[in-house]
$ cat data-v9.txt   # compact mmCIF, C-alpha atoms and all ligand atoms
# COMPACT_ATOMS: atom_id res chain seq x y z
CA MET A 1 16.11 6.24 -18.23
CA PHE A 2 14.57 5.82 -21.66
CA VAL A 3 14.50 8.98 -23.80
CA LEU A 4 11.61 9.37 -26.18
CA ASN A 5 12.06 11.19 -29.47
CA MET A 6 8.55 12.52 -29.83
CA ARG A 7 5.67 13.91 -27.84
CA HIS A 8 4.35 10.77 -26.31
CA LYS A 9 1.43 12.37 -24.48
CA ASP A 10 -0.40 12.84 -27.77
CA MET A 11 0.03 9.21 -28.69
CA ILE A 12 -1.61 7.49 -25.79
CA THR A 13 -5.09 6.08 -25.69
CA PRO A 14 -4.83 4.83 -22.10
CA ASN A 15 -7.26 1.93 -21.95
CA THR A 16 -6.37 0.17 -25.20
CA THR A 17 -2.68 0.88 -24.83
CA SER A 18 -2.53 -0.42 -21.27
CA LEU A 19 -4.64 -3.45 -22.26
CA ILE A 20 -2.22 -4.41 -25.04
CA TYR A 21 0.85 -3.71 -22.89
CA ASN A 22 -0.50 -5.79 -20.01
CA ILE A 23 -1.34 -8.71 -22.30
CA ILE A 24 2.27 -8.72 -23.53
CA ARG A 25 3.61 -8.23 -19.99
CA GLN A 26 1.57 -11.05 -18.52
CA ASN A 27 2.23 -13.52 -21.33
CA GLY A 28 5.99 -13.13 -21.56
CA GLU A 29 6.22 -13.44 -25.35
CA ILE A 30 3.25 -13.31 -27.66
CA ASN A 31 2.57 -12.71 -31.37
CA ARG A 32 0.01 -10.32 -32.85
CA MET A 33 -2.52 -13.09 -33.45
CA GLY A 34 -2.38 -14.03 -29.75
CA ILE A 35 -2.95 -10.43 -28.71
CA THR A 36 -5.95 -10.18 -31.06
CA GLU A 37 -7.49 -13.30 -29.52
CA LEU A 38 -6.93 -12.18 -25.92
CA SER A 39 -7.92 -8.53 -26.33
CA GLY A 40 -10.86 -8.77 -28.72
CA VAL A 41 -9.54 -5.58 -30.32
CA SER A 42 -9.30 -5.22 -34.11
CA LYS A 43 -6.02 -6.02 -35.88
CA SER A 44 -5.61 -2.46 -37.14
CA THR A 45 -6.02 -0.97 -33.64
CA ILE A 46 -3.57 -3.49 -32.24
CA SER A 47 -0.99 -2.59 -34.91
CA LEU A 48 -1.39 1.07 -34.08
CA GLN A 49 -0.99 0.46 -30.35
CA ILE A 50 1.98 -1.86 -30.82
CA ASN A 51 3.74 0.78 -32.89
CA LYS A 52 3.09 3.31 -30.13
CA LEU A 53 4.42 0.99 -27.45
CA ILE A 54 7.54 0.20 -29.51
CA LYS A 55 8.21 3.93 -30.03
CA LEU A 56 7.81 4.50 -26.31
CA GLY A 57 10.44 1.83 -25.71
CA LEU A 58 8.04 -0.21 -23.59
CA ILE A 59 8.00 -3.28 -25.87
CA GLU A 60 10.20 -4.78 -28.57
CA GLU A 61 9.88 -7.31 -31.38
CA LYS A 62 11.82 -10.50 -30.87
CA ILE A 63 13.42 -11.76 -34.07
CA PRO A 64 12.73 -15.51 -34.61
CA THR A 65 15.82 -17.62 -33.94
CA ASP A 66 14.82 -20.62 -36.05
CA ALA A 67 12.48 -21.55 -38.88
CA SER A 68 9.89 -23.09 -36.52
CA GLN A 69 9.15 -19.61 -35.10
CA ARG A 70 7.91 -17.93 -38.25
CA LYS A 71 6.06 -15.11 -36.61
CA LEU A 72 7.62 -12.17 -34.81
CA LYS A 73 6.90 -12.19 -31.11
CA LEU A 74 6.50 -9.19 -28.87
CA ARG A 75 7.91 -8.84 -25.39
CA ILE A 76 8.24 -6.02 -22.90
CA CYS A 77 11.51 -4.12 -22.44
CA GLU A 78 11.83 -5.14 -18.81
CA HIS A 79 15.04 -3.26 -18.05
CA ILE A 80 13.77 0.26 -18.73
CA GLY A 81 12.36 0.51 -15.22
CA ALA A 82 12.43 -1.04 -11.76
CA VAL A 83 10.09 -1.47 -8.80
CA ALA A 84 10.81 -2.43 -5.20
CA GLY A 85 9.05 -5.00 -3.03
CA VAL A 86 9.62 -4.44 0.68
CA PHE A 87 8.45 -6.73 3.46
CA LEU A 88 8.80 -6.02 7.15
CA GLY A 89 8.51 -8.83 9.68
CA ILE A 90 8.75 -8.56 13.47
CA THR A 91 12.46 -9.41 13.43
CA LYS A 92 13.55 -9.00 9.83
CA LEU A 93 13.30 -6.72 6.81
CA THR A 94 13.36 -8.37 3.38
CA MET A 95 13.48 -6.32 0.21
CA ALA A 96 14.09 -6.79 -3.49
CA ILE A 97 14.32 -4.64 -6.60
CA TYR A 98 12.69 -6.11 -9.69
CA THR A 99 12.65 -5.37 -13.41
CA LEU A 100 9.27 -4.69 -15.03
CA ASP A 101 8.80 -8.44 -15.58
CA MET A 102 9.59 -9.15 -11.90
CA SER A 103 13.07 -10.57 -12.49
CA VAL A 104 15.24 -9.95 -9.45
CA ILE A 105 17.84 -7.19 -9.81
CA ALA A 106 18.88 -7.12 -6.17
CA GLU A 107 17.83 -8.64 -2.84
CA LYS A 108 18.63 -7.81 0.74
CA GLU A 109 17.78 -8.80 4.31
CA TYR A 110 18.24 -6.70 7.42
CA PRO A 111 17.69 -7.90 11.00
CA PHE A 112 15.68 -5.86 13.49
CA ASP A 113 15.92 -6.19 17.28
CA SER A 114 12.77 -4.13 17.65
CA ILE A 115 10.33 -2.40 15.32
CA ASN A 116 8.50 -0.57 18.13
CA ASP A 117 9.46 2.92 17.00
CA PRO A 118 8.04 3.77 13.54
CA VAL A 119 10.35 6.79 13.02
CA GLU A 120 13.49 4.76 13.66
CA THR A 121 12.30 1.63 11.83
CA ASN A 122 11.15 3.44 8.68
CA GLY A 123 14.33 5.55 8.73
CA ILE A 124 16.33 2.31 8.51
CA ILE A 125 14.08 0.84 5.78
CA ILE A 126 14.41 4.00 3.67
CA GLU A 127 18.17 4.10 4.17
CA GLN A 128 18.56 0.40 3.28
CA LEU A 129 16.41 0.70 0.16
CA LYS A 130 18.31 3.77 -1.06
CA LEU A 131 21.57 1.96 -0.43
CA LEU A 132 20.40 -1.07 -2.40
CA CYS A 133 19.35 1.20 -5.30
CA ARG A 134 22.74 2.94 -5.29
CA GLU A 135 24.65 -0.35 -5.18
CA HIS A 136 22.81 -1.49 -8.32
CA GLN A 137 22.79 1.86 -10.17
CA ILE A 138 19.00 2.25 -9.94
CA LYS A 139 18.43 6.01 -10.19
CA THR A 140 14.63 5.95 -9.95
CA LEU A 141 12.05 3.43 -8.89
CA TRP A 142 8.77 3.34 -10.82
CA GLY A 143 6.95 2.27 -7.65
CA ILE A 144 7.30 0.61 -4.25
CA GLY A 145 5.04 -1.98 -2.62
CA ILE A 146 5.42 -2.62 1.10
CA GLY A 147 3.97 -5.25 3.44
CA PHE A 148 3.80 -4.53 7.18
CA PRO A 149 3.11 -7.04 9.98
CA PHE A 150 -0.11 -5.45 11.28
CA PRO A 151 -3.49 -4.16 10.04
CA VAL A 152 -3.14 -1.43 7.43
CA ASN A 153 -5.75 0.96 6.11
CA PHE A 154 -4.94 0.32 2.45
CA ARG A 155 -6.72 3.35 1.05
CA GLU A 156 -4.99 5.80 3.39
CA GLY A 157 -1.71 3.90 3.57
CA LYS A 158 -1.59 4.00 7.35
CA PRO A 159 -1.44 1.30 10.07
CA ASP A 160 -4.68 0.88 11.99
CA SER A 161 -4.54 -0.11 15.69
CA PRO A 162 -1.51 -2.42 15.40
CA PRO A 163 -1.81 -4.69 18.45
CA ASN A 164 1.81 -4.91 19.63
CA VAL A 165 3.30 -1.69 18.27
CA PRO A 166 0.86 1.09 19.28
CA LEU A 167 3.16 3.95 18.18
CA TRP A 168 2.54 2.95 14.54
CA HIS A 169 -1.19 3.74 14.67
CA GLY A 170 -2.00 6.32 11.97
CA TYR A 171 1.66 6.77 10.97
CA PRO A 172 1.53 8.15 7.38
CA LEU A 173 3.58 5.39 5.73
CA LYS A 174 2.43 5.92 2.14
CA ASP A 175 3.01 9.69 2.27
CA ILE A 176 6.46 9.36 3.84
CA TYR A 177 7.72 6.82 1.27
CA GLU A 178 6.20 8.69 -1.68
CA LYS A 179 7.95 11.88 -0.55
CA GLU A 180 11.28 10.10 -0.03
CA PHE A 181 11.30 8.22 -3.33
CA GLY A 182 9.11 10.40 -5.60
CA CYS A 183 7.13 7.44 -6.94
CA PRO A 184 3.78 5.73 -6.17
CA VAL A 185 3.81 3.62 -3.02
CA LEU A 186 1.24 1.06 -1.84
CA VAL A 187 1.27 -0.35 1.69
CA ASP A 188 -0.70 -3.38 2.81
CA ASN A 189 -0.68 -5.96 5.59
CA ASP A 190 1.80 -8.82 5.39
CA VAL A 191 -0.72 -11.59 4.74
CA ASN A 192 -2.36 -9.91 1.74
CA VAL A 193 1.04 -9.29 0.21
CA MET A 194 2.18 -12.89 0.81
CA ALA A 195 -1.04 -14.23 -0.76
CA LEU A 196 -0.39 -12.11 -3.84
CA GLY A 197 3.20 -13.37 -4.02
CA GLU A 198 2.04 -16.96 -3.80
CA GLY A 199 -0.42 -16.39 -6.63
CA PHE A 200 2.16 -14.68 -8.81
CA ARG A 201 5.09 -17.04 -8.42
CA GLY A 202 4.28 -19.71 -5.84
CA CYS A 203 2.16 -22.84 -5.78
CA THR A 204 -1.07 -21.17 -6.90
CA VAL A 205 0.02 -19.63 -10.20
CA ASN A 206 -2.96 -19.87 -12.61
CA GLU A 207 -5.45 -20.08 -9.71
CA SER A 208 -7.74 -17.09 -9.38
CA ASP A 209 -9.63 -17.99 -6.17
CA PHE A 210 -7.59 -19.26 -3.27
CA LEU A 211 -7.01 -18.74 0.42
CA PHE A 212 -3.65 -18.10 2.04
CA ILE A 213 -3.22 -18.57 5.79
CA LYS A 214 -0.17 -17.22 7.56
CA ALA A 215 0.42 -19.18 10.74
CA GLY A 216 3.20 -17.64 12.80
CA THR A 217 3.27 -15.63 16.03
CA GLY A 218 -0.15 -14.41 14.92
CA ILE A 219 -2.59 -16.01 12.49
CA GLY A 220 -4.16 -14.21 9.53
CA SER A 221 -5.43 -14.96 6.06
CA GLY A 222 -5.40 -13.36 2.63
CA LEU A 223 -8.19 -13.99 0.14
CA ILE A 224 -7.48 -13.92 -3.57
CA VAL A 225 -10.75 -13.51 -5.43
CA ASP A 226 -10.81 -13.38 -9.21
CA GLY A 227 -7.05 -12.90 -9.25
CA ASP A 228 -6.96 -9.94 -6.89
CA ILE A 229 -6.75 -9.35 -3.15
CA TYR A 230 -10.19 -9.16 -1.56
CA ARG A 231 -9.98 -6.48 1.14
CA GLY A 232 -13.64 -6.02 2.08
CA ALA A 233 -15.40 -2.79 2.99
CA ASN A 234 -12.78 -1.51 5.45
CA GLY A 235 -9.72 -3.47 4.42
CA CYS A 236 -9.71 -6.07 7.18
CA ALA A 237 -11.11 -9.07 5.30
CA GLY A 238 -9.23 -12.23 6.22
CA ASP A 239 -8.46 -11.20 9.79
CA ILE A 240 -9.14 -14.67 11.22
CA GLY A 241 -6.86 -14.67 14.27
CA HIS A 242 -9.70 -13.82 16.61
CA ILE A 243 -12.38 -16.17 15.32
CA ALA A 244 -13.39 -18.43 18.21
CA VAL A 245 -12.31 -22.07 18.19
CA ASP A 246 -15.09 -24.43 19.33
CA GLY A 247 -14.72 -25.54 22.95
CA SER A 248 -11.71 -23.37 23.80
CA SER A 249 -11.54 -20.96 26.72
CA ALA A 250 -7.95 -19.84 26.15
CA GLN A 251 -7.46 -16.20 27.14
CA CYS A 252 -6.48 -13.98 24.18
CA HIS A 253 -4.55 -10.70 24.35
CA CYS A 254 -7.55 -9.03 22.63
CA GLY A 255 -9.65 -9.58 25.77
CA ASN A 256 -11.82 -12.40 24.38
CA THR A 257 -11.43 -16.10 25.02
CA GLY A 258 -10.99 -19.02 22.63
CA CYS A 259 -9.49 -16.99 19.77
CA LEU A 260 -7.61 -19.02 17.14
CA GLU A 261 -4.44 -17.07 17.86
CA ALA A 262 -4.70 -17.87 21.58
CA VAL A 263 -5.02 -21.58 20.75
CA ALA A 264 -2.66 -22.09 17.79
CA GLY A 265 -0.51 -18.92 17.41
CA GLY A 266 3.24 -19.26 17.87
CA LYS A 267 3.22 -17.37 21.15
CA ALA A 268 0.45 -19.54 22.61
CA LEU A 269 2.25 -22.71 21.51
CA ALA A 270 5.50 -21.58 23.13
CA GLU A 271 3.53 -21.11 26.37
CA LYS A 272 2.04 -24.61 26.04
CA ALA A 273 5.52 -26.00 25.38
CA LYS A 274 6.61 -24.49 28.68
CA GLN A 275 3.71 -26.18 30.49
CA LEU A 276 4.53 -29.54 28.87
CA ALA A 277 8.15 -29.16 29.95
CA GLU A 278 7.26 -28.16 33.51
CA SER A 279 4.80 -31.01 33.94
CA GLY A 280 7.33 -33.48 32.53
CA LYS A 281 4.84 -34.61 29.86
CA SER A 282 7.44 -33.74 27.22
CA PRO A 283 10.87 -35.14 28.14
CA TYR A 284 12.37 -33.44 25.09
CA LEU A 285 11.10 -29.95 25.98
CA LYS A 286 12.00 -30.46 29.65
CA ALA A 287 15.59 -31.28 28.71
CA ILE A 288 15.83 -28.05 26.69
CA MET A 289 14.19 -25.96 29.39
CA ASP A 290 16.61 -27.40 31.98
CA THR A 291 19.51 -25.90 30.01
CA GLY A 292 18.02 -22.44 30.64
CA VAL A 293 16.89 -21.87 27.04
CA GLU A 294 13.53 -20.15 26.50
CA LEU A 295 11.18 -22.49 24.63
CA THR A 296 9.81 -21.48 21.24
CA ALA A 297 7.65 -23.09 18.55
CA ALA A 298 10.86 -24.24 16.83
CA HIS A 299 11.63 -26.50 19.84
CA ILE A 300 8.24 -28.18 19.37
CA SER A 301 9.25 -29.01 15.78
CA GLU A 302 12.52 -30.47 16.99
CA GLY A 303 10.67 -32.49 19.62
CA ALA A 304 8.38 -33.95 16.96
CA ILE A 305 11.39 -34.91 14.83
CA HIS A 306 12.76 -36.69 17.93
CA ALA A 307 9.44 -38.56 18.25
CA ASP A 308 8.42 -36.73 21.44
CA PHE A 309 4.74 -37.72 21.78
CA ALA A 310 3.61 -34.50 23.52
CA CYS A 311 5.21 -32.32 20.82
CA ILE A 312 3.52 -34.32 18.05
CA GLN A 313 0.16 -34.02 19.84
CA LEU A 314 0.64 -30.27 20.29
CA ILE A 315 1.33 -29.80 16.56
CA LYS A 316 -1.72 -31.92 15.66
CA HIS A 317 -3.87 -29.93 18.09
CA ALA A 318 -2.72 -26.60 16.58
CA GLY A 319 -3.33 -27.90 13.03
CA LYS A 320 -6.80 -29.12 13.99
CA ALA A 321 -7.74 -25.70 15.46
CA ILE A 322 -6.53 -23.87 12.35
CA GLY A 323 -8.26 -26.45 10.14
CA GLU A 324 -11.57 -26.01 11.96
CA VAL A 325 -11.53 -22.25 11.38
CA ALA A 326 -10.26 -22.77 7.80
CA ALA A 327 -13.19 -25.16 7.19
CA LYS A 328 -15.62 -22.31 7.88
CA LEU A 329 -13.82 -20.20 5.28
CA VAL A 330 -13.70 -23.07 2.78
CA ASN A 331 -17.44 -23.64 3.22
CA PHE A 332 -18.13 -19.99 2.67
CA PHE A 333 -15.62 -19.17 -0.06
CA ASN A 334 -15.00 -22.44 -1.95
CA PRO A 335 -11.33 -21.76 -2.84
CA SER A 336 -9.34 -23.98 -5.22
CA SER A 337 -6.40 -24.05 -2.81
CA LEU A 338 -5.66 -23.46 0.84
CA VAL A 339 -2.03 -22.42 1.13
CA ILE A 340 -0.34 -22.38 4.53
CA GLY A 341 2.64 -20.08 5.05
CA GLY A 342 4.40 -18.47 8.02
CA GLY A 343 6.79 -19.75 10.67
CA LEU A 344 4.60 -22.63 11.89
CA THR A 345 5.01 -24.42 8.54
CA GLY A 346 8.26 -25.58 10.15
CA PHE A 347 5.99 -28.13 11.87
CA GLY A 348 5.90 -29.89 8.51
CA ASN A 349 3.55 -32.55 7.23
CA ILE A 350 2.04 -33.46 10.61
CA PHE A 351 0.76 -29.89 10.83
CA ILE A 352 -0.49 -29.61 7.24
CA GLY A 353 -2.06 -33.07 7.52
CA ALA A 354 -4.00 -32.07 10.66
CA ILE A 355 -5.25 -28.90 8.94
CA ARG A 356 -6.29 -30.90 5.86
CA GLU A 357 -8.09 -33.52 7.94
CA ALA A 358 -10.07 -30.91 9.91
CA VAL A 359 -11.03 -29.01 6.75
CA ILE A 360 -12.19 -32.13 4.93
CA SER A 361 -14.13 -33.53 7.89
CA ARG A 362 -16.08 -30.28 8.26
CA SER A 363 -16.74 -29.34 4.65
CA PRO A 364 -19.07 -30.69 1.95
CA HIS A 365 -17.56 -33.02 -0.66
CA LEU A 366 -18.13 -30.52 -3.46
CA ALA A 367 -15.93 -27.93 -1.69
CA THR A 368 -13.06 -30.31 -0.92
CA TYR A 369 -12.87 -33.12 -3.51
CA ASP A 370 -10.27 -31.17 -5.50
CA LEU A 371 -9.19 -28.68 -2.82
CA ASN A 372 -5.42 -28.45 -2.48
CA VAL A 373 -4.26 -27.94 1.10
CA ARG A 374 -0.54 -27.30 0.90
CA MET A 375 2.46 -25.48 2.21
CA SER A 376 3.74 -22.23 0.68
CA GLU A 377 6.51 -22.83 -1.84
CA LEU A 378 8.04 -19.38 -1.57
CA GLU A 379 8.65 -19.18 2.20
CA GLY A 380 10.53 -15.91 2.86
CA LYS A 381 10.28 -14.75 -0.76
CA ALA A 382 6.46 -14.51 -0.83
CA GLY A 383 6.49 -11.11 0.93
CA PRO A 384 8.80 -9.11 -1.35
CA ILE A 385 7.46 -10.82 -4.50
CA GLY A 386 3.90 -10.01 -3.44
CA ALA A 387 4.80 -6.40 -2.56
CA GLY A 388 6.53 -5.97 -5.95
CA THR A 389 3.54 -7.51 -7.75
CA LEU A 390 1.14 -5.23 -5.86
CA ILE A 391 2.83 -2.06 -7.08
CA LEU A 392 3.56 -3.35 -10.59
CA GLU A 393 -0.11 -4.20 -11.19
CA TYR A 394 -1.05 -0.76 -9.88
CA ILE A 395 1.32 1.35 -11.99
CA PHE A 396 0.27 -0.47 -15.18
CA SER A 397 -3.46 -0.50 -14.40
CA SER A 398 -5.58 1.34 -16.97
CA GLY A 399 -6.15 4.27 -14.60
CA GLN A 400 -2.44 4.75 -13.88
CA PHE A 401 -0.83 3.73 -17.18
CA SER A 402 -0.38 7.15 -18.80
CA THR A 403 0.70 8.73 -15.48
CA THR A 404 3.36 6.03 -15.16
CA ILE A 405 4.60 6.71 -18.71
CA ASP A 406 4.60 10.49 -18.19
CA ARG A 407 6.52 10.15 -14.96
CA ASN A 408 9.17 7.73 -16.16
CA ILE A 409 9.69 8.17 -19.87
CA GLU A 410 11.25 11.50 -20.76
CA GLU A 411 10.36 13.47 -23.84
CA SER A 412 13.27 14.50 -25.95
CA THR A 413 13.60 18.28 -26.21
CA GLY A 414 15.72 18.04 -29.35
CA ALA A 415 13.25 16.10 -31.50
ZN ZN A 501 -8.45 -12.56 20.35
$ encode --input "data-v9.txt" --output "structure tokens" --more "lines below"
Ligand SMILES: [Zn+2]
Amino acid sequence: MFVLNMRHKDMITPNTTSLIYNIIRQNGEINRMGITELSGVSKSTISLQINKLIKLGLIEEKIPTDASQRKLKLRICEHIGAVAGVFLGITKLTMAIYTLDMSVIAEKEYPFDSINDPVETNGIIIEQLKLLCREHQIKTLWGIGIGFPFPVNFREGKPDSPPNVPLWHGYPLKDIYEKEFGCPVLVDNDVNVMALGEGFRGCTVNESDFLFIKAGTGIGSGLIVDGDIYRGANGCAGDIGHIAVDGSSAQCHCGNTGCLEAVAGGKALAEKAKQLAESGKSPYLKAIMDTGVELTAAHISEGAIHADFACIQLIKHAGKAIGEVAAKLVNFFNPSSLVIGGGLTGFGNIFIGAIREAVISRSPHLATYDLNVRMSELEGKAGPIGAGTLILEYIFSSGQFSTTIDRNIEESTGA
């Protein structure tokens, strides 16, 4: 931990200091002129704040290595602290520890047979994260971001009516993790966190308004508006799995009919695969079923690769249903990109193509002429990267900046 040789509390003007620090953090390396242009703050104030940040050990001056770089550049001291990004799926835990510039220090995966019991599951997550910290000599985390695979009340940090794991309802996740690790913790639903990860390091870097759809066992979306997650009044913005698909009467587990998830979710598709196998319409799926293996969405992908007509049609049908719902969102929200992530992206270009076609055919030209409909580039990494980004942005926000410094940078008693 960094040791400060003076009383840093007296030195901080939170808003300007955090503004300057975040400009340096977000730009990698930048000179004083660049900071002046981006901040709109006077040169003398910037000099004062830079000196403060250097004394705190939060930033350093980079000496030019050749004559072409005449001006000193500033960069953050990324190794003075670490944050964790944790992402829980239905069958797997993924976590990573990052430096303050989101470089990976350590990564880990852990398989779960069941996440039904919140006490047991969170006990394992806490144990695994502590173990990872110990293995990499991380004594304290500056913050932890966590994504969970169900609706989360973001403000309270608790799950809200999770459909398949009822014991988690109201479980005080944020409080438990903050007590265990002694640092700020933010918990959010998986799709929001993945959307943030995609915007930070995936295919939508530099885009401030885009839509991320996770198509897996369930279907959900995350909206990035003006560079931040849009959560809505109660935190459930983007919950698109139960929007009705035109002309469908499929029975959904929520009690309604025609929900997108009941038409194009992974579970519904596995059920349709079974019907195609039983009726003999898909020779490929029938051959697999005859071996006693339970059919999943992955078998539909394999069938399409083997040119099984019914499998290809099923993928196109699922893509069309998702695209029709996505078109409503595109019409309403006018995003620059529509990014598709989650397990069903294994269906590949046939799937993405069907989504794109449905979106374009049902949206005005102005909303789609430069709309990018594409697959997530990060796959399994989007979750932990997004969770890490979530907490990093929070601890360095203007409201939290001085608290973060007070908590993590010690004053020297001998100064
Ligand atoms: Zn439903």
$ residues_near_ligand --input "data-v9.txt" --ligand "ligand ZN 501 (chain A)" --cutoff "7 Å" --atoms "all atoms listed in the file" --output "NGL selection string"
:A and (241-242 or 252-257 or 259 or 261-262)
$ write_last_selection --input "data-v9.txt" --atoms "C-alpha atoms" --output "PDB file, in the frame of the given file"
ATOM      1  CA  GLY A 241      -6.860 -14.670  14.270  1.00  0.00           C
ATOM      2  CA  HIS A 242      -9.700 -13.820  16.610  1.00  0.00           C
ATOM      3  CA  CYS A 252      -6.480 -13.980  24.180  1.00  0.00           C
ATOM      4  CA  HIS A 253      -4.550 -10.700  24.350  1.00  0.00           C
ATOM      5  CA  CYS A 254      -7.550  -9.030  22.630  1.00  0.00           C
ATOM      6  CA  GLY A 255      -9.650  -9.580  25.770  1.00  0.00           C
ATOM      7  CA  ASN A 256     -11.820 -12.400  24.380  1.00  0.00           C
ATOM      8  CA  THR A 257     -11.430 -16.100  25.020  1.00  0.00           C
ATOM      9  CA  CYS A 259      -9.490 -16.990  19.770  1.00  0.00           C
ATOM     10  CA  GLU A 261      -4.440 -17.070  17.860  1.00  0.00           C
ATOM     11  CA  ALA A 262      -4.700 -17.870  21.580  1.00  0.00           C
TER      12      ALA A 262
END
$ atom_distance --input "data-v9.txt" --atom1 "atom CA of Arg32 of chain A" --atom2 "atom CA of His79 of chain A"
22.2 Å
$ closest_residue --input "data-v9.txt" --among "A:Ile240, A:Val330, A:Ile229, A:Ala318" --to "Leu269 of chain A" --atoms "only C-alpha atoms"
A:Ala318
$ atom_distance --input "data-v9.txt" --atom1 "atom CA of Ile97 of chain A" --atom2 "atom CA of Cys133 of chain A"
7.8 Å
$ atom_distance --input "data-v9.txt" --atom1 "atom CA of Ser161 of chain A" --atom2 "atom CA of Phe212 of chain A"
22.6 Å
$ axis_aligned_box --input "data-v9.txt" --around "segment 156-173 of chain A" --padding-each-side "5 Å" --output "AutoDock Vina command-line options"
--center_x -0.7 --center_y 1.6 --center_z 11.5 --size_x 18.6 --size_y 23.1 --size_z 26.2
$ closest_residue --input "data-v9.txt" --among "A:Gly145, A:Gly40, A:Gly81, A:Gly380" --to "Leu58 of chain A" --atoms "only C-alpha atoms"
A:Gly81
$ residues_near_point --input "data-v9.txt" --point "(7.1, -34.4, 20.9)" --cutoff "10 Å" --atoms "only C-alpha atoms" --output "ChimeraX atom specification"
/A:273,276,281-285,299-315
$ closest_residue --input "data-v9.txt" --among "A:Ile144, A:Leu344, A:Ile46, A:Ile124" --to "Phe112 of chain A" --atoms "all atoms listed in the file"
A:Ile124
$ build_atoms --input "data-v9.txt" --residues "segment 113-124 of chain A" --atoms "N, CA, C and O atoms" --output "mmCIF file, in the frame of the given file"
data_model
loop_
_atom_site.group_PDB
_atom_site.id
_atom_site.type_symbol
_atom_site.label_atom_id
_atom_site.label_comp_id
_atom_site.auth_asym_id
_atom_site.auth_seq_id
_atom_site.Cartn_x
_atom_site.Cartn_y
_atom_site.Cartn_z
ATOM 1 N N ASP A 113 16.115 -5.769 15.890
ATOM 2 C CA ASP A 113 15.920 -6.190 17.280
ATOM 3 C C ASP A 113 14.513 -5.812 17.719
ATOM 4 O O ASP A 113 13.848 -6.533 18.457
ATOM 5 N N SER A 114 14.087 -4.639 17.253
ATOM 6 C CA SER A 114 12.770 -4.130 17.650
ATOM 7 C C SER A 114 12.241 -3.223 16.544
ATOM 8 O O SER A 114 13.000 -2.481 15.920
ATOM 9 N N ILE A 115 10.929 -3.322 16.303
ATOM 10 C CA ILE A 115 10.330 -2.400 15.320
ATOM 11 C C ILE A 115 9.314 -1.493 16.032
ATOM 12 O O ILE A 115 8.421 -0.945 15.415
ATOM 13 N N ASN A 116 9.474 -1.329 17.346
ATOM 14 C CA ASN A 116 8.500 -0.570 18.130
ATOM 15 C C ASN A 116 8.362 0.884 17.701
ATOM 16 O O ASN A 116 7.278 1.445 17.729
ATOM 17 N N ASP A 117 9.480 1.494 17.322
ATOM 18 C CA ASP A 117 9.460 2.920 17.000
ATOM 19 C C ASP A 117 9.345 3.105 15.476
ATOM 20 O O ASP A 117 10.268 2.795 14.725
ATOM 21 N N PRO A 118 8.216 3.644 14.995
ATOM 22 C CA PRO A 118 8.040 3.770 13.540
ATOM 23 C C PRO A 118 9.032 4.736 12.893
ATOM 24 O O PRO A 118 9.446 4.530 11.753
ATOM 25 N N VAL A 119 9.422 5.796 13.603
ATOM 26 C CA VAL A 119 10.350 6.790 13.020
ATOM 27 C C VAL A 119 11.699 6.113 12.762
ATOM 28 O O VAL A 119 12.256 6.179 11.658
ATOM 29 N N GLU A 120 12.182 5.421 13.782
ATOM 30 C CA GLU A 120 13.490 4.760 13.660
ATOM 31 C C GLU A 120 13.434 3.628 12.625
ATOM 32 O O GLU A 120 14.289 3.533 11.743
ATOM 33 N N THR A 121 12.397 2.799 12.719
ATOM 34 C CA THR A 121 12.300 1.630 11.830
ATOM 35 C C THR A 121 12.193 2.056 10.372
ATOM 36 O O THR A 121 12.910 1.538 9.512
ATOM 37 N N ASN A 122 11.317 3.017 10.077
ATOM 38 C CA ASN A 122 11.150 3.440 8.680
ATOM 39 C C ASN A 122 12.376 4.202 8.182
ATOM 40 O O ASN A 122 12.694 4.142 6.989
ATOM 41 N N GLY A 123 13.072 4.892 9.103
ATOM 42 C CA GLY A 123 14.330 5.550 8.730
ATOM 43 C C GLY A 123 15.322 4.522 8.220
ATOM 44 O O GLY A 123 15.982 4.727 7.194
ATOM 45 N N ILE A 124 15.399 3.390 8.919
ATOM 46 C CA ILE A 124 16.330 2.310 8.510
ATOM 47 C C ILE A 124 15.882 1.699 7.184
ATOM 48 O O ILE A 124 16.689 1.465 6.287
#
